[in-house]
Amino acid sequence: MALPAGIDLDELLQRDGLAPEVRLLVAASVAIWRGDWPRLAACARRGRERQQPRQDFEEALLQAVLFAGFPRVVTAFETLAEAWPPATTPGGGALPPEQQAAAGQALFAGIYGRNTESVHAMLRGFHPDFHDFVLEAAYGRVLARPWLTPRARELMAVAVLAAQDQLRQFVGHARGALHFGATRQELREALVTALGATPQVDAWLQRVR
């Protein structure tokens with residue numbers, strides 16, 4: 001599904017309130033969820049034209065596994081390779097294995113704050129292995145990767161979660177974005193990038209307190 005009519009990529013990049021390099025990653029993340037491969041390719045081309053590091057997009061695609069799944073991300077990497085062929089084979093970027101657990105726990109606590117223990121309990125209640133997978137794989141191996149800041153990663157996350165209509169998770173990650181230094185204007189612009197300039201944006205923001 002394409003983004004709402006009238007909000008094309010160049011118009012989005014001219015808007016204030018969100019750094020263009022972050023907006024491109026937000027737009028790319030939402031495009032992956034929607035399977036909008038022309039949109040993803042356009043984001044990659046704009047990034048290349050702006051001399052943004054290609055690794056920014058590689059990290060966005062790796063993060064997209066958590067929200068869109070492996071099949072979508074296989075196609076996303078194929079799309080990126082066609083739109084922006086790598087100069088060398090991509091690789092690396094994760095924390096050393098011995099640092100991942102602690103980094104993942106710290107990031108989890110930074111996002112959920114005073115709700116950290118209740119979120120742990122909720123995940124364990126679903127299934128202990130699911131809890132461990134979320135902490136070890138999602139947080140320790142992916143979200144704690146140091147190339148992108150936690151602020152940028154959370155803005156990408158809130159945009160995709162809004163596009164997925166996942167309100168509860170959106171609120172948690174929106175609070176995390178604010179904790180890591182994002183402004184409410186940046187949250188708004190991440191939502192505009194995902195949803196268009198619609199009344200839905202204010203409705204989503206009103207849930208973040």
# chains A, B, ... in the order shown; residues from 1 in each chain; ligands from 1
>>> residues_around(residues="region 146-158 of chain A", least_positions_apart="5", cutoff="7 Å", atoms="only C-alpha atoms", output="list in words")
Val22, Leu25, Val26, Ser29, Asp56, Gly93, Phe170, His173, Ala174, Gly176, Ala177, Phe180, Gly181, Ala182, Leu187 and Ala190 of chain A
>>> write_last_selection(atoms="N, CA and C atoms", output="compact mmCIF listing (two decimals), in the first residue's frame")
# COMPACT_ATOMS: atom_id res chain seq x y z
N VAL A 22 16.72 10.90 9.10
CA VAL A 22 15.84 10.08 9.94
C VAL A 22 14.51 9.85 9.23
N LEU A 25 14.68 7.04 6.82
CA LEU A 25 14.67 5.72 7.46
C LEU A 25 13.27 5.37 7.95
N VAL A 26 12.55 6.37 8.47
CA VAL A 26 11.16 6.15 8.88
C VAL A 26 10.32 5.73 7.67
N SER A 29 11.17 2.23 6.54
CA SER A 29 10.65 1.21 7.44
C SER A 29 9.17 0.95 7.19
N ASP A 56 23.10 3.16 7.17
CA ASP A 56 21.85 3.58 7.80
C ASP A 56 20.69 2.71 7.31
N GLY A 93 28.64 -4.78 12.58
CA GLY A 93 27.80 -3.76 13.18
C GLY A 93 27.15 -4.15 14.49
N PHE A 170 2.74 1.04 20.27
CA PHE A 170 3.08 2.39 19.86
C PHE A 170 3.32 3.29 21.07
N HIS A 173 6.66 2.54 22.80
CA HIS A 173 7.85 2.97 22.07
C HIS A 173 7.87 4.49 21.86
N ALA A 174 6.71 5.13 21.83
CA ALA A 174 6.69 6.59 21.76
C ALA A 174 7.27 7.18 23.04
N GLY A 176 9.41 5.66 24.85
CA GLY A 176 10.83 5.38 24.74
C GLY A 176 11.54 6.41 23.88
N ALA A 177 10.93 6.80 22.76
CA ALA A 177 11.52 7.82 21.90
C ALA A 177 11.73 9.12 22.66
N PHE A 180 14.62 8.92 25.04
CA PHE A 180 15.93 8.99 24.38
C PHE A 180 16.16 10.31 23.64
N GLY A 181 15.34 11.30 23.91
CA GLY A 181 15.63 12.64 23.42
C GLY A 181 14.80 13.14 22.26
N ALA A 182 13.88 12.34 21.75
CA ALA A 182 13.01 12.82 20.67
C ALA A 182 12.04 13.86 21.22
N LEU A 187 7.98 13.15 16.95
CA LEU A 187 6.98 12.09 16.95
C LEU A 187 5.87 12.40 15.94
N ALA A 190 7.19 11.82 12.43
CA ALA A 190 7.30 10.39 12.14
C ALA A 190 5.93 9.83 11.77
>>> closest_residue(among="A:Ala109, A:Leu13, A:Ala19, A:Ile32", to="Thr183 (chain A)", atoms="only C-alpha atoms")
A:Ala19
>>> closest_residue(among="A:Glu49, A:Asp36, A:Glu98, A:Asp129", to="Arg72 (chain A)", atoms="only C-alpha atoms")
A:Asp36
>>> atom_distance(atom1="CA of Leu191 (chain A)", atom2="CA of Ile7 (chain A)")
12.1 Å
>>> residues_around(residues="Glu58 (chain A)", least_positions_apart="6", cutoff="10 Å", atoms="only C-alpha atoms", output="PyMOL selection string")
chain A and resi 25+64+76-77+80+90-91+93
>>> closest_residue(among="A:His131, A:Ala144, A:Glu82, A:Gly125", to="Pro97 (chain A)", atoms="only C-alpha atoms")
A:Ala144
>>> residues_around(residues="Pro85 (chain A)", least_positions_apart="6", cutoff="10 Å", atoms="only C-alpha atoms", output="PDB file with C-alpha atoms, in the first residue's frame")
ATOM      1  CA  ARG A  54      24.317   3.189   3.119  1.00  0.00           C
ATOM      2  CA  GLU A  78      16.971  -7.137  -2.872  1.00  0.00           C
ATOM      3  CA  THR A  79      15.324  -3.764  -3.463  1.00  0.00           C
TER       4      THR A  79
END
>>> closest_residue(among="A:Arg168, A:Arg39, A:Arg209, A:Arg23", to="Arg184 (chain A)", atoms="only C-alpha atoms")
A:Arg209
>>> select_by_dssp(residues="region 136-197 of chain A", states="helix (DSSP H, G or I)", output="PyMOL selection string")
chain A and resi 136-143+150-163+167-179+184-195
>>> closest_residue(among="A:Leu167, A:Leu61, A:Leu66, A:Ala194", to="Leu135 (chain A)", atoms="only C-alpha atoms")
A:Leu66
>>> closest_residue(among="A:Leu18, A:Ala27, A:Leu9, A:Val201", to="Glu186 (chain A)", atoms="only C-alpha atoms")
A:Leu18
